[in-house]
file final-v4.cif (mmCIF, C-alpha atoms; chains and numbers go by the auth columns)
data_entry
#
loop_
_atom_site.group_PDB
_atom_site.id
_atom_site.type_symbol
_atom_site.label_atom_id
_atom_site.label_comp_id
_atom_site.label_asym_id
_atom_site.label_seq_id
_atom_site.Cartn_x
_atom_site.Cartn_y
_atom_site.Cartn_z
_atom_site.B_iso_or_equiv
_atom_site.auth_seq_id
_atom_site.auth_asym_id
ATOM 1 C CA MET A 1 0.000 0.000 0.000 0.00 29 A
ATOM 2 C CA SER A 2 1.271 3.416 -0.910 0.00 30 A
ATOM 3 C CA GLY A 3 2.882 4.184 2.444 0.00 31 A
ATOM 4 C CA GLU A 4 -0.340 3.962 4.461 0.00 32 A
ATOM 5 C CA LYS A 5 -0.673 1.280 7.059 0.00 33 A
ATOM 6 C CA THR A 6 -3.812 -0.831 7.154 0.00 34 A
ATOM 7 C CA ASP A 7 -4.546 0.514 10.642 0.00 35 A
ATOM 8 C CA ASP A 8 -4.510 4.096 9.361 0.00 36 A
ATOM 9 C CA ILE A 9 -6.904 3.202 6.546 0.00 37 A
ATOM 10 C CA ALA A 10 -9.223 1.396 8.989 0.00 38 A
ATOM 11 C CA VAL A 11 -9.290 4.378 11.358 0.00 39 A
ATOM 12 C CA ALA A 12 -9.957 6.756 8.463 0.00 40 A
ATOM 13 C CA LEU A 13 -12.728 4.493 7.102 0.00 41 A
ATOM 14 C CA PHE A 14 -14.580 4.237 10.382 0.00 42 A
ATOM 15 C CA GLY A 15 -14.051 7.913 11.139 0.00 43 A
ATOM 16 C CA GLU A 16 -15.670 8.827 7.811 0.00 44 A
ATOM 17 C CA LEU A 17 -18.479 6.296 8.330 0.00 45 A
ATOM 18 C CA PHE A 18 -19.286 7.633 11.797 0.00 46 A
ATOM 19 C CA MET A 19 -19.231 11.258 10.656 0.00 47 A
ATOM 20 C CA ALA A 20 -21.310 10.554 7.541 0.00 48 A
ATOM 21 C CA ASP A 21 -23.790 8.590 9.686 0.00 49 A
ATOM 22 C CA GLN A 22 -24.125 11.459 12.151 0.00 50 A
ATOM 23 C CA LEU A 23 -24.549 14.079 9.434 0.00 51 A
ATOM 24 C CA ALA A 24 -27.087 11.965 7.509 0.00 52 A
ATOM 25 C CA ARG A 25 -29.098 11.251 10.676 0.00 53 A
ATOM 26 C CA ASN A 26 -29.174 14.963 11.542 0.00 54 A
ATOM 27 C CA ARG A 27 -30.286 15.994 8.047 0.00 55 A
ATOM 28 C CA ILE A 28 -32.978 13.316 7.832 0.00 56 A
ATOM 29 C CA SER A 29 -34.241 13.933 11.380 0.00 57 A
ATOM 30 C CA LYS A 30 -34.808 17.604 10.524 0.00 58 A
ATOM 31 C CA VAL A 31 -37.139 16.804 7.610 0.00 59 A
ATOM 32 C CA LEU A 32 -39.155 13.979 9.184 0.00 60 A
ATOM 33 C CA PRO A 33 -42.794 14.767 9.959 0.00 61 A
ATOM 34 C CA ARG A 34 -43.374 16.424 13.320 0.00 62 A
ATOM 35 C CA GLY A 35 -43.127 13.967 16.211 0.00 63 A
ATOM 36 C CA MET A 36 -41.467 11.222 14.159 0.00 64 A
ATOM 37 C CA GLU A 37 -38.035 10.107 15.236 0.00 65 A
ATOM 38 C CA LEU A 38 -35.533 8.338 13.027 0.00 66 A
ATOM 39 C CA SER A 39 -36.055 5.089 14.967 0.00 67 A
ATOM 40 C CA HIS A 40 -39.819 5.321 14.337 0.00 68 A
ATOM 41 C CA PHE A 41 -39.286 5.921 10.631 0.00 69 A
ATOM 42 C CA SER A 42 -36.831 3.025 10.413 0.00 70 A
ATOM 43 C CA VAL A 43 -39.252 0.546 12.010 0.00 71 A
ATOM 44 C CA LEU A 44 -42.211 1.757 9.932 0.00 72 A
ATOM 45 C CA ASN A 45 -40.128 1.584 6.761 0.00 73 A
ATOM 46 C CA HIS A 46 -38.987 -1.949 7.608 0.00 74 A
ATOM 47 C CA LEU A 47 -42.530 -3.152 8.331 0.00 75 A
ATOM 48 C CA ALA A 48 -43.833 -1.491 5.158 0.00 76 A
ATOM 49 C CA ARG A 49 -41.118 -3.117 3.035 0.00 77 A
ATOM 50 C CA ILE A 50 -41.573 -6.648 4.399 0.00 78 A
ATOM 51 C CA ASN A 51 -45.370 -6.246 4.475 0.00 79 A
ATOM 52 C CA ASP A 52 -45.687 -8.868 7.220 0.00 80 A
ATOM 53 C CA GLU A 53 -45.806 -9.149 11.003 0.00 81 A
ATOM 54 C CA ARG A 54 -42.697 -9.457 13.150 0.00 82 A
ATOM 55 C CA THR A 55 -42.132 -10.104 16.821 0.00 83 A
ATOM 56 C CA PRO A 56 -40.474 -7.380 18.892 0.00 84 A
ATOM 57 C CA ALA A 57 -37.485 -9.728 19.308 0.00 85 A
ATOM 58 C CA GLN A 58 -37.163 -10.139 15.532 0.00 86 A
ATOM 59 C CA LEU A 59 -37.305 -6.373 15.087 0.00 87 A
ATOM 60 C CA ALA A 60 -34.705 -5.816 17.821 0.00 88 A
ATOM 61 C CA LYS A 61 -32.391 -8.304 16.118 0.00 89 A
ATOM 62 C CA ALA A 62 -32.957 -6.736 12.677 0.00 90 A
ATOM 63 C CA PHE A 63 -32.024 -3.291 14.036 0.00 91 A
ATOM 64 C CA HIS A 64 -29.243 -4.497 16.330 0.00 92 A
ATOM 65 C CA VAL A 65 -30.823 -2.917 19.409 0.00 93 A
ATOM 66 C CA THR A 66 -31.879 -4.293 22.763 0.00 94 A
ATOM 67 C CA ARG A 67 -35.378 -5.659 23.250 0.00 95 A
ATOM 68 C CA GLY A 68 -35.976 -2.846 25.738 0.00 96 A
ATOM 69 C CA ALA A 69 -35.071 -0.189 23.183 0.00 97 A
ATOM 70 C CA MET A 70 -37.330 -1.824 20.589 0.00 98 A
ATOM 71 C CA THR A 71 -40.181 -2.120 23.104 0.00 99 A
ATOM 72 C CA ASN A 72 -39.877 1.614 23.819 0.00 100 A
ATOM 73 C CA THR A 73 -40.012 2.452 20.095 0.00 101 A
ATOM 74 C CA LEU A 74 -42.948 0.091 19.525 0.00 102 A
ATOM 75 C CA ASN A 75 -44.871 1.521 22.477 0.00 103 A
ATOM 76 C CA ARG A 76 -44.513 5.018 21.026 0.00 104 A
ATOM 77 C CA LEU A 77 -45.556 3.824 17.581 0.00 105 A
ATOM 78 C CA GLU A 78 -48.557 2.005 19.041 0.00 106 A
ATOM 79 C CA TRP A 79 -49.558 5.092 21.037 0.00 107 A
ATOM 80 C CA ALA A 80 -49.428 7.125 17.802 0.00 108 A
ATOM 81 C CA GLY A 81 -51.577 4.485 16.091 0.00 109 A
ATOM 82 C CA HIS A 82 -48.828 3.572 13.613 0.00 110 A
ATOM 83 C CA VAL A 83 -48.550 -0.118 14.535 0.00 111 A
ATOM 84 C CA HIS A 84 -50.871 -2.826 15.764 0.00 112 A
ATOM 85 C CA ILE A 85 -49.474 -5.131 18.425 0.00 113 A
ATOM 86 C CA ARG A 86 -51.349 -8.349 19.002 0.00 114 A
ATOM 87 C CA PRO A 87 -50.701 -11.448 21.115 0.00 115 A
ATOM 88 C CA ASP A 88 -49.548 -14.667 19.516 0.00 116 A
ATOM 89 C CA TRP A 89 -52.623 -16.891 19.738 0.00 117 A
ATOM 90 C CA GLU A 90 -50.407 -19.985 20.124 0.00 118 A
ATOM 91 C CA ASP A 91 -47.911 -18.549 22.652 0.00 119 A
ATOM 92 C CA ALA A 92 -49.342 -15.869 24.932 0.00 120 A
ATOM 93 C CA ARG A 93 -45.826 -14.776 25.977 0.00 121 A
ATOM 94 C CA GLN A 94 -45.110 -13.540 22.458 0.00 122 A
ATOM 95 C CA LYS A 95 -46.520 -10.615 20.472 0.00 123 A
ATOM 96 C CA PHE A 96 -46.689 -9.692 16.816 0.00 124 A
ATOM 97 C CA VAL A 97 -46.286 -6.215 15.346 0.00 125 A
ATOM 98 C CA ALA A 98 -47.778 -5.015 12.067 0.00 126 A
ATOM 99 C CA ILE A 99 -47.863 -1.597 10.448 0.00 127 A
ATOM 100 C CA SER A 100 -51.287 0.071 10.546 0.00 128 A
ATOM 101 C CA PRO A 101 -52.850 2.104 7.720 0.00 129 A
ATOM 102 C CA SER A 102 -51.964 5.227 9.730 0.00 130 A
ATOM 103 C CA GLY A 103 -48.388 3.970 10.058 0.00 131 A
ATOM 104 C CA ARG A 104 -48.150 3.320 6.332 0.00 132 A
ATOM 105 C CA ALA A 105 -49.413 6.859 5.632 0.00 133 A
ATOM 106 C CA ALA A 106 -46.888 8.320 8.114 0.00 134 A
ATOM 107 C CA ARG A 107 -44.089 6.286 6.550 0.00 135 A
ATOM 108 C CA ASP A 108 -45.106 7.360 3.033 0.00 136 A
ATOM 109 C CA SER A 109 -45.181 10.995 4.156 0.00 137 A
ATOM 110 C CA ALA A 110 -41.713 10.624 5.693 0.00 138 A
ATOM 111 C CA VAL A 111 -40.361 8.967 2.549 0.00 139 A
ATOM 112 C CA ALA A 112 -41.713 11.858 0.477 0.00 140 A
ATOM 113 C CA THR A 113 -39.675 14.319 2.576 0.00 141 A
ATOM 114 C CA VAL A 114 -36.528 12.189 2.839 0.00 142 A
ATOM 115 C CA VAL A 115 -36.160 11.015 -0.779 0.00 143 A
ATOM 116 C CA PRO A 116 -35.460 14.474 -2.280 0.00 144 A
ATOM 117 C CA LEU A 117 -32.748 15.015 0.336 0.00 145 A
ATOM 118 C CA ILE A 118 -31.076 11.689 -0.459 0.00 146 A
ATOM 119 C CA ALA A 119 -31.575 12.111 -4.215 0.00 147 A
ATOM 120 C CA GLU A 120 -29.793 15.452 -4.026 0.00 148 A
ATOM 121 C CA VAL A 121 -26.750 13.791 -2.453 0.00 149 A
ATOM 122 C CA VAL A 122 -26.784 10.964 -5.012 0.00 150 A
ATOM 123 C CA GLN A 123 -27.032 13.451 -7.861 0.00 151 A
ATOM 124 C CA SER A 124 -24.177 15.577 -6.555 0.00 152 A
ATOM 125 C CA LEU A 125 -21.877 12.556 -6.110 0.00 153 A
ATOM 126 C CA GLY A 126 -22.979 10.756 -9.257 0.00 154 A
ATOM 127 C CA ALA A 127 -25.072 7.601 -9.483 0.00 155 A
ATOM 128 C CA ASP A 128 -22.161 5.390 -10.597 0.00 156 A
ATOM 129 C CA LYS A 129 -20.032 6.424 -7.633 0.00 157 A
ATOM 130 C CA VAL A 130 -22.918 5.859 -5.216 0.00 158 A
ATOM 131 C CA ARG A 131 -23.730 2.455 -6.752 0.00 159 A
ATOM 132 C CA ALA A 132 -20.115 1.373 -6.212 0.00 160 A
ATOM 133 C CA LEU A 133 -20.148 2.767 -2.681 0.00 161 A
ATOM 134 C CA VAL A 134 -23.377 0.951 -1.805 0.00 162 A
ATOM 135 C CA SER A 135 -21.819 -2.305 -2.962 0.00 163 A
ATOM 136 C CA VAL A 136 -18.764 -1.801 -0.744 0.00 164 A
ATOM 137 C CA LEU A 137 -20.860 -0.676 2.241 0.00 165 A
ATOM 138 C CA ARG A 138 -23.149 -3.701 1.851 0.00 166 A
ATOM 139 C CA GLU A 139 -20.128 -6.021 1.858 0.00 167 A
ATOM 140 C CA LEU A 140 -18.761 -4.238 4.942 0.00 168 A
ATOM 141 C CA ARG A 141 -22.128 -4.582 6.726 0.00 169 A
ATOM 142 C CA VAL A 142 -22.369 -8.294 5.904 0.00 170 A
ATOM 143 C CA ARG A 143 -18.874 -8.905 7.239 0.00 171 A
ATOM 144 C CA LEU A 144 -19.552 -6.953 10.425 0.00 172 A
ATOM 145 C CA GLU A 145 -22.841 -8.808 10.962 0.00 173 A
ATOM 146 C CA GLY A 146 -20.988 -12.107 10.596 0.00 174 A
ATOM 147 C CA GLU A 147 -18.551 -11.265 13.381 0.00 175 A
#

call {"tool": "encode", "arguments": {"input": "final-v4.cif", "output": "structure tokens"}}
result
Amino acid sequence: MSGEKTDDIAVALFGELFMADQLARNRISKVLPRGMELSHFSVLNHLARINDERTPAQLAKAFHVTRGAMTNTLNRLEWAGHVHIRPDWEDARQKFVAISPSGRAARDSAVATVVPLIAEVVQSLGADKVRALVSVLRELRVRLEGE
């Protein structure tokens, strides 16, 4: 490698990832509909995409958060009427979460405000560059999930 040690590259990579993550979260949080947090949007978006029920434990695992953190998010979403939480009829200890029509509308509204922001970034960087970056980031995520 051209004089750079692998450690230096790793530190630079994660430094850029962390800073880009923080900046993206701040920009997106500012344009989300009033009262919606990024965690709410993420869960609603996930449920809308899969179009199926999930248990709180499955959602916690998918988002790499504790069950307690997911329960807090789900309680807020249920209070807002954005998700339906029902008991598992076969195992009363378990629950299932589904997006409600109100939740789908809130998610769609959030997507409508977020997409132009993201599209602007993609356009300024160039679609080819972003496509290549997404591929590398996906590979990085898969490797980190495997560890």

call {"tool": "resolve_selection", "arguments": {"input": "final-v4.cif", "expression": "the PyMOL selection byres ((chain A and resi 130) around 9)", "output": "count of residues only"}}
result
12

call {"tool": "closest_atom_pairs", "arguments": {"input": "final-v4.cif", "of": "stretch 75-167 of chain A", "to": "stretch 45-65 of chain A", "cutoff": "7 Å", "atoms": "all atoms listed in the file", "output": "Markdown table"}}
result
| residue | atom | partner | partner_atom | distance |
| --- | --- | --- | --- | --- |
| A:Ala138 | CA | A:Leu60 | CA | 5.5 |
| A:Thr141 | CA | A:Val59 | CA | 6.2 |
| A:Val142 | CA | A:Ile56 | CA | 6.2 |

call {"tool": "closest_residue", "arguments": {"input": "final-v4.cif", "among": "A:Thr99, A:Thr94, A:Phe69, A:Glu81", "to": "A:Arg114", "atoms": "only C-alpha atoms"}}
result
A:Glu81

call {"tool": "closest_residue", "arguments": {"input": "final-v4.cif", "among": "A:Pro84, A:Ser152, A:Ala147, A:Arg77", "to": "A:Gly96", "atoms": "only C-alpha atoms"}}
result
A:Pro84

call {"tool": "atom_distance", "arguments": {"input": "final-v4.cif", "atom1": "atom CA of A:Leu41", "atom2": "atom CA of A:Val143"}}
result
25.6 Å

call {"tool": "atom_distance", "arguments": {"input": "final-v4.cif", "atom1": "atom CA of A:Ala126", "atom2": "atom CA of A:Asp80"}}
result
6.5 Å

call {"tool": "resolve_selection", "arguments": {"input": "final-v4.cif", "expression": "the PyMOL selection byres ((chain A and resi 68) around 9)", "output": "number ranges by chain"}}
result
A: 64-67, 69-73, 101-102, 104-105, 135

call {"tool": "atom_distance", "arguments": {"input": "final-v4.cif", "atom1": "atom CA of A:Leu87", "atom2": "atom CA of A:Leu75"}}
result
9.1 Å

call {"tool": "axis_aligned_box", "arguments": {"input": "final-v4.cif", "around": "stretch 144-147 of chain A", "padding_each_side": "5 Å", "output": "JSON"}}
result
{"center_x": -33.3, "center_y": 13.4, "center_z": -1.9, "size_x": 14.4, "size_y": 13.3, "size_z": 14.6}

call {"tool": "resolve_selection", "arguments": {"input": "final-v4.cif", "expression": "the PyMOL selection byres ((chain A and resi 122) around 12)", "output": "list in words"}}
result
Arg82, Thr83, Pro84, Ala85, Gln86, Ile113, Arg114, Pro115, Asp116, Trp117, Glu118, Asp119, Ala120, Arg121, Lys123, Phe124 and Val125 of chain A

call {"tool": "residues_around", "arguments": {"input": "final-v4.cif", "residues": "stretch 165-173 of chain A", "least_positions_apart": "6", "cutoff": "12 Å", "atoms": "only C-alpha atoms", "output": "list in words"}}
result
Ala38, Leu41, Phe42, Leu45, Lys89, Ala90, Phe91, His92, Val158 and Arg159 of chain A

call {"tool": "decode", "arguments": {"input": "final-v4.cif", "residues": "stretch 31-47 of chain A", "atoms": "C-alpha atoms", "output": "PDB file, in the first residue's frame"}}
result
ATOM      1  CA  GLY A  31       2.882   4.184   2.444  1.00  0.00           C
ATOM      2  CA  GLU A  32      -0.340   3.962   4.461  1.00  0.00           C
ATOM      3  CA  LYS A  33      -0.673   1.280   7.059  1.00  0.00           C
ATOM      4  CA  THR A  34      -3.812  -0.831   7.154  1.00  0.00           C
ATOM      5  CA  ASP A  35      -4.546   0.514  10.642  1.00  0.00           C
ATOM      6  CA  ASP A  36      -4.510   4.096   9.361  1.00  0.00           C
ATOM      7  CA  ILE A  37      -6.904   3.202   6.546  1.00  0.00           C
ATOM      8  CA  ALA A  38      -9.223   1.396   8.989  1.00  0.00           C
ATOM      9  CA  VAL A  39      -9.290   4.378  11.358  1.00  0.00           C
ATOM     10  CA  ALA A  40      -9.957   6.756   8.463  1.00  0.00           C
ATOM     11  CA  LEU A  41     -12.728   4.493   7.102  1.00  0.00           C
ATOM     12  CA  PHE A  42     -14.580   4.237  10.382  1.00  0.00           C
ATOM     13  CA  GLY A  43     -14.051   7.913  11.139  1.00  0.00           C
ATOM     14  CA  GLU A  44     -15.670   8.827   7.811  1.00  0.00           C
ATOM     15  CA  LEU A  45     -18.479   6.296   8.330  1.00  0.00           C
ATOM     16  CA  PHE A  46     -19.286   7.633  11.797  1.00  0.00           C
ATOM     17  CA  MET A  47     -19.231  11.258  10.656  1.00  0.00           C
TER      18      MET A  47
END
